[in-house]
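Student: Please find one structure pasted underneath; my questions will follow.
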Amino acid sequence: MSHSRVVGAVEIGTSKVAVLLGEIVGESGLNIIGHSASSSKGVKKGVVTDLNAASDCVHAAIMAAEKNSNSRIDEVFLAQTGSHLIGNFNVGTTNVSAPDGVIRSVDIDAAKADAKRRKLPNTRTYIHHIQNPFSVDDQLVENPLSREGRRLQVGYWSVHGDSDIVSDSLRVIRGIDLDVSDMVISSIASGAVLLQDSEKENGALVVDIGGGTTDYVLYRKGYIVKTGVVPVGGDHITNDLSIGLRVGRKSAEDFKVKHGRAYYQTGDKDEKVWTIGDLTIGDREYPLAAITKIIEARVSEIFDIIKAELEVAELLEPMDIASGIVLTGGSARLAGIDEVAKRCLGLDATVSEGSVDVAEELRQPEYSTVLGLLHYALTGQDASQEMAKPSSFLRKISGLLNI
């Protein structure tokens, strides 16, 4: 009988906690057996700000998913986001050791170790080391083993986060007596299930727009070359509407969901929308133009920030991102958001439609990250997308967890 284990994919977002349960059978089988989602508390811009409040929400969501699936979670894959995450590109170099110039495993290991040699302050911890291509005497190669050359190099996009912030998210999970097997950046998890290998090879930008943050990952020639987090998301749009229209957050959220569009068009100035829509006491009308202009300003800001970061890194070249932009996350549901992304970044953009291999309710953009977490639980990490295992970090902070 094949051994099976139940993996919980957990995303602790600013506005929502999402939990997806997958039963992994053997080495290749995955059955999605349960899920739950609940409102999030104690989290701001993807960072836990109130440990007790966040723990209550996450624990309730996990227990609901376990109850619905009549199973118990064996291990957790946890999404990470927040502007505390920083990425750096590091290059490792080694001289080929053999007299005949043939590259051996020891040379490859030496180049990798040199790329990851950079030590972090005690306040920072690595989340991912993402390998890029090798080069032999400045010529790019996929696999340098047994090739001849004098100098071997390899690059890594390495992402690290604030140790205290990461430890707080781990505390939330450990508080329910569960182990975190791996941490995965939200955008990388989403990209794993939204893109085909051919799209990664042609170049693609995945933008995951959540409630408090927007995460992105850029692929070029099949490799992850940059990730980033913008501390702006759908909740900021709601807040802008609340302030601009002088309405409560609930009414502002209703306006965004029911009448919102990511861009203004001239016909909006003649159209009115109502807070309730039944002409009862308290029902008021507002110009649609005010709503769409407010939303457009904030949505444009998100894409303008991403554009600026890619331009600084000299990575915004349309011919190298031929597959365009894939938008996901709960806020990607906003009508017309793909048009704004296209206008701001100069790339074709589409809103993800989810995987056809899952139930229809899980094909919504807000489930991309947890589906990606299950993907990593099933497939593990290949050499090109190596995660910095949290086990060593967990050992480092175990004395601080007090649970």
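Residues are referred to by chain and number: the chain letter is A, B, ... according to the order shown in the structure tokens, the number counts from 1 in that chain, and ligands are numbered separately from 1 in the order shown.
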Which residues are near Val232 (chain A)? Cut-off 7 Å, only C-alpha atoms, ignore same chain within fewer than 3 positions. Put them as a PDB file with N, CA and C atoms, in the first residue's frame.

Tutor:
ATOM      1  N   GLY A 212      -3.611  43.183   1.019  1.00  0.00           N
ATOM      2  CA  GLY A 212      -2.691  44.172   1.569  1.00  0.00           C
ATOM      3  C   GLY A 212      -1.410  44.343   0.796  1.00  0.00           C
ATOM      4  N   THR A 213      -1.070  43.370  -0.063  1.00  0.00           N
ATOM      5  CA  THR A 213       0.174  43.438  -0.831  1.00  0.00           C
ATOM      6  C   THR A 213      -0.048  42.926  -2.242  1.00  0.00           C
ATOM      7  N   THR A 214       0.885  43.286  -3.109  1.00  0.00           N
ATOM      8  CA  THR A 214       0.933  42.752  -4.463  1.00  0.00           C
ATOM      9  C   THR A 214       2.302  42.112  -4.659  1.00  0.00           C
ATOM     10  N   HIS A 236      -6.431  48.764  -0.021  1.00  0.00           N
ATOM     11  CA  HIS A 236      -6.119  50.176  -0.202  1.00  0.00           C
ATOM     12  C   HIS A 236      -7.118  50.841  -1.157  1.00  0.00           C
ATOM     13  N   ILE A 302      -0.008  50.642  -8.493  1.00  0.00           N
ATOM     14  CA  ILE A 302       0.566  49.307  -8.294  1.00  0.00           C
ATOM     15  C   ILE A 302       1.443  48.929  -9.482  1.00  0.00           C
TER      16      ILE A 302
END

Student: Taking the backbone alone, and naming residues the way the document does, which bits of region 176-281 of chain A are alpha helix (DSSP H) by DSSP, as a VMD selection string?

Tutor: chain A and resid 186 to 194 197 to 202 234 to 245 249 to 254

Student: Which is closest to Ile237 (chain A) among A:Ala359, A:Ala98, A:Ala297, A:Ala54, if we use only C-alpha atoms?

Tutor: A:Ala297

Student: For Ser187 (chain A), which residue among A:Arg174, A:His259, A:Arg343, A:Lys226 is the nearest when counting only C-alpha atoms?

Tutor: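 Of the candidates, the smallest distance to Ser187 (chain A) is held by A:Lys226.
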
Student: Give me the residues near Tyr264 (chain A) as a PDB file with C-alpha atoms, in the first residue's frame, where near means some atom within 9 Å (using only C-alpha atoms) and where sequence neighbours in that chain fewer than 6 positions away do not count.

Tutor:
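That gives us around-v4.pdb:
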ATOM      1  CA  LEU A 288     -19.743  56.230 -11.267  1.00  0.00           C
ATOM      2  CA  ALA A 289     -16.988  58.522 -12.560  1.00  0.00           C
ATOM      3  CA  ALA A 290     -15.852  59.232  -8.997  1.00  0.00           C
ATOM      4  CA  ILE A 291     -15.593  55.510  -8.268  1.00  0.00           C
ATOM      5  CA  THR A 292     -13.684  54.553 -11.415  1.00  0.00           C
ATOM      6  CA  LYS A 293     -11.282  57.502 -11.159  1.00  0.00           C
ATOM      7  CA  ILE A 294     -10.403  56.610  -7.561  1.00  0.00           C
ATOM      8  CA  ILE A 295      -9.866  52.959  -8.436  1.00  0.00           C
ATOM      9  CA  GLU A 296      -7.834  53.747 -11.543  1.00  0.00           C
TER      10      GLU A 296
END

Student: Which polymer residues have any atom within 10 Å of an atom of region 151-155 of chain A, counting only C-alpha atoms, with same-chain residues fewer than 4 positions away left out, as a PDB file with C-alpha atoms, in the first residue's frame?

Tutor:
ATOM      1  CA  PHE A  89      21.188  38.464  -7.294  1.00  0.00           C
ATOM      2  CA  ASN A  90      24.434  36.798  -6.275  1.00  0.00           C
ATOM      3  CA  VAL A  91      27.005  35.190  -8.568  1.00  0.00           C
ATOM      4  CA  GLY A  92      29.291  32.368  -7.508  1.00  0.00           C
ATOM      5  CA  THR A  93      32.586  31.714  -9.241  1.00  0.00           C
ATOM      6  CA  THR A  94      35.166  28.943  -9.086  1.00  0.00           C
ATOM      7  CA  ASN A  95      38.180  27.914 -11.114  1.00  0.00           C
ATOM      8  CA  VAL A  96      37.910  24.424 -12.553  1.00  0.00           C
ATOM      9  CA  SER A  97      40.047  22.224 -10.328  1.00  0.00           C
ATOM     10  CA  GLY A 101      39.827  21.352 -17.397  1.00  0.00           C
ATOM     11  CA  ILE A 103      34.168  20.209 -14.884  1.00  0.00           C
ATOM     12  CA  ASP A 107      33.388  22.347  -9.122  1.00  0.00           C
ATOM     13  CA  ILE A 108      29.638  22.745  -9.454  1.00  0.00           C
ATOM     14  CA  ALA A 110      31.965  25.060  -5.162  1.00  0.00           C
ATOM     15  CA  ALA A 111      30.320  27.579  -7.521  1.00  0.00           C
ATOM     16  CA  LYS A 112      26.953  27.113  -5.817  1.00  0.00           C
ATOM     17  CA  ALA A 113      28.455  27.517  -2.362  1.00  0.00           C
ATOM     18  CA  ASP A 114      30.252  30.689  -3.473  1.00  0.00           C
ATOM     19  CA  ALA A 115      26.973  32.158  -4.787  1.00  0.00           C
ATOM     20  CA  LYS A 116      25.289  31.497  -1.443  1.00  0.00           C
ATOM     21  CA  HIS A 129      17.822  30.461  -3.215  1.00  0.00           C
ATOM     22  CA  ILE A 130      16.672  30.362  -6.845  1.00  0.00           C
ATOM     23  CA  GLN A 131      19.284  29.145  -9.276  1.00  0.00           C
ATOM     24  CA  ASN A 132      19.870  30.749 -12.662  1.00  0.00           C
ATOM     25  CA  PRO A 133      21.951  29.316 -15.551  1.00  0.00           C
ATOM     26  CA  PHE A 134      25.600  28.329 -15.301  1.00  0.00           C
ATOM     27  CA  SER A 135      28.270  29.838 -17.469  1.00  0.00           C
ATOM     28  CA  VAL A 136      31.541  28.263 -18.539  1.00  0.00           C
ATOM     29  CA  ASP A 137      34.124  30.821 -19.598  1.00  0.00           C
ATOM     30  CA  ASP A 138      31.258  33.349 -19.987  1.00  0.00           C
ATOM     31  CA  GLN A 139      29.155  31.013 -22.172  1.00  0.00           C
ATOM     32  CA  LEU A 140      25.718  30.093 -20.748  1.00  0.00           C
ATOM     33  CA  VAL A 141      25.091  26.370 -20.314  1.00  0.00           C
ATOM     34  CA  PRO A 144      28.193  22.210 -17.028  1.00  0.00           C
ATOM     35  CA  VAL A 225      15.163  36.395 -12.342  1.00  0.00           C
TER      36      VAL A 225
END

Student: What's the 12 Å shell around Asp197 (chain A), counting only C-alpha atoms, without same-chain residues fewer than 4 positions away, as a list in words?

Tutor: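 Counting only the stated atoms, we get Gly191, Ala192, Val193, Glu201, Asn202, Gly203, Ala204, Tyr219, Arg220, Lys221, Gly222, Tyr223, Ile224 and Ser323 of chain A.
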
Student: Please list as a list in words every residue within 7 Å of Thr328 (chain A), counting only C-alpha atoms and excluding residues in the same chain fewer than 3 positions away.

Tutor: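 What passes the distance filter is Val207, Asp208, Ile209, Ala332, Val351, Ser352, Pro365, Glu366 and Ser368 of chain A.
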
Student: Can you spit out the residues from that selection as a CSV table (one decimal), in the first residue's frame, using C-alpha atoms?

Tutor:
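What landed in out_18.csv:
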chain,number,residue,atom,x,y,z
A,207,VAL,CA,1.4,39.6,-10.5
A,208,ASP,CA,-0.6,38.4,-7.5
A,209,ILE,CA,-2.8,41.2,-6.1
A,332,ALA,CA,-7.5,40.5,-9.9
A,351,VAL,CA,-6.5,37.4,-15.6
A,352,SER,CA,-5.8,33.8,-14.6
A,365,PRO,CA,-7.6,33.9,-8.6
A,366,GLU,CA,-7.5,34.0,-4.9
A,368,SER,CA,-3.6,30.4,-6.9

Student: By how many Å are CA of Ser4 (chain A) and CA of Gly34 (chain A) apart?

Tutor: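 Spanning CA of Ser4 (chain A) to CA of Gly34 (chain A) is a straight-line distance of 15.4 Å.
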
Student: Which residue gives the smallest distance to Ile305 (chain A) among A:Val230, A:Leu205, A:Ile337, A:Ala262, with only C-alpha atoms counted?

Tutor: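 Closest to Ile305 (chain A), using only C-alpha atoms: A:Val230.
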
Student: When you look at Val7 (chain A) with a cut-off of 6 Å (counting only C-alpha atoms), what residues show up, excluding the ones that are within fewer than 3 positions of it in the same chain? I need them as a VMD selection string.

Tutor: chain A and resid 21 to 22 73 to 76

Student: Taking only C-alpha atoms into account, which of A:Val47, A:Ala335, A:Leu195, A:Ala37 comes nearest Tyr263 (chain A)?

Tutor: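 So, comparing all the options, the nearest one is A:Ala335.
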
Student: So, with only C-alpha atoms as the atoms that count, which of A:Ala18, A:Ile33, A:Leu78, A:Ala53 lies closest to Ile127 (chain A)?

Tutor: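 Of A:Ala18, A:Ile33, A:Leu78, A:Ala53, the one nearest Ile127 (chain A) is A:Leu78, counting only C-alpha atoms.
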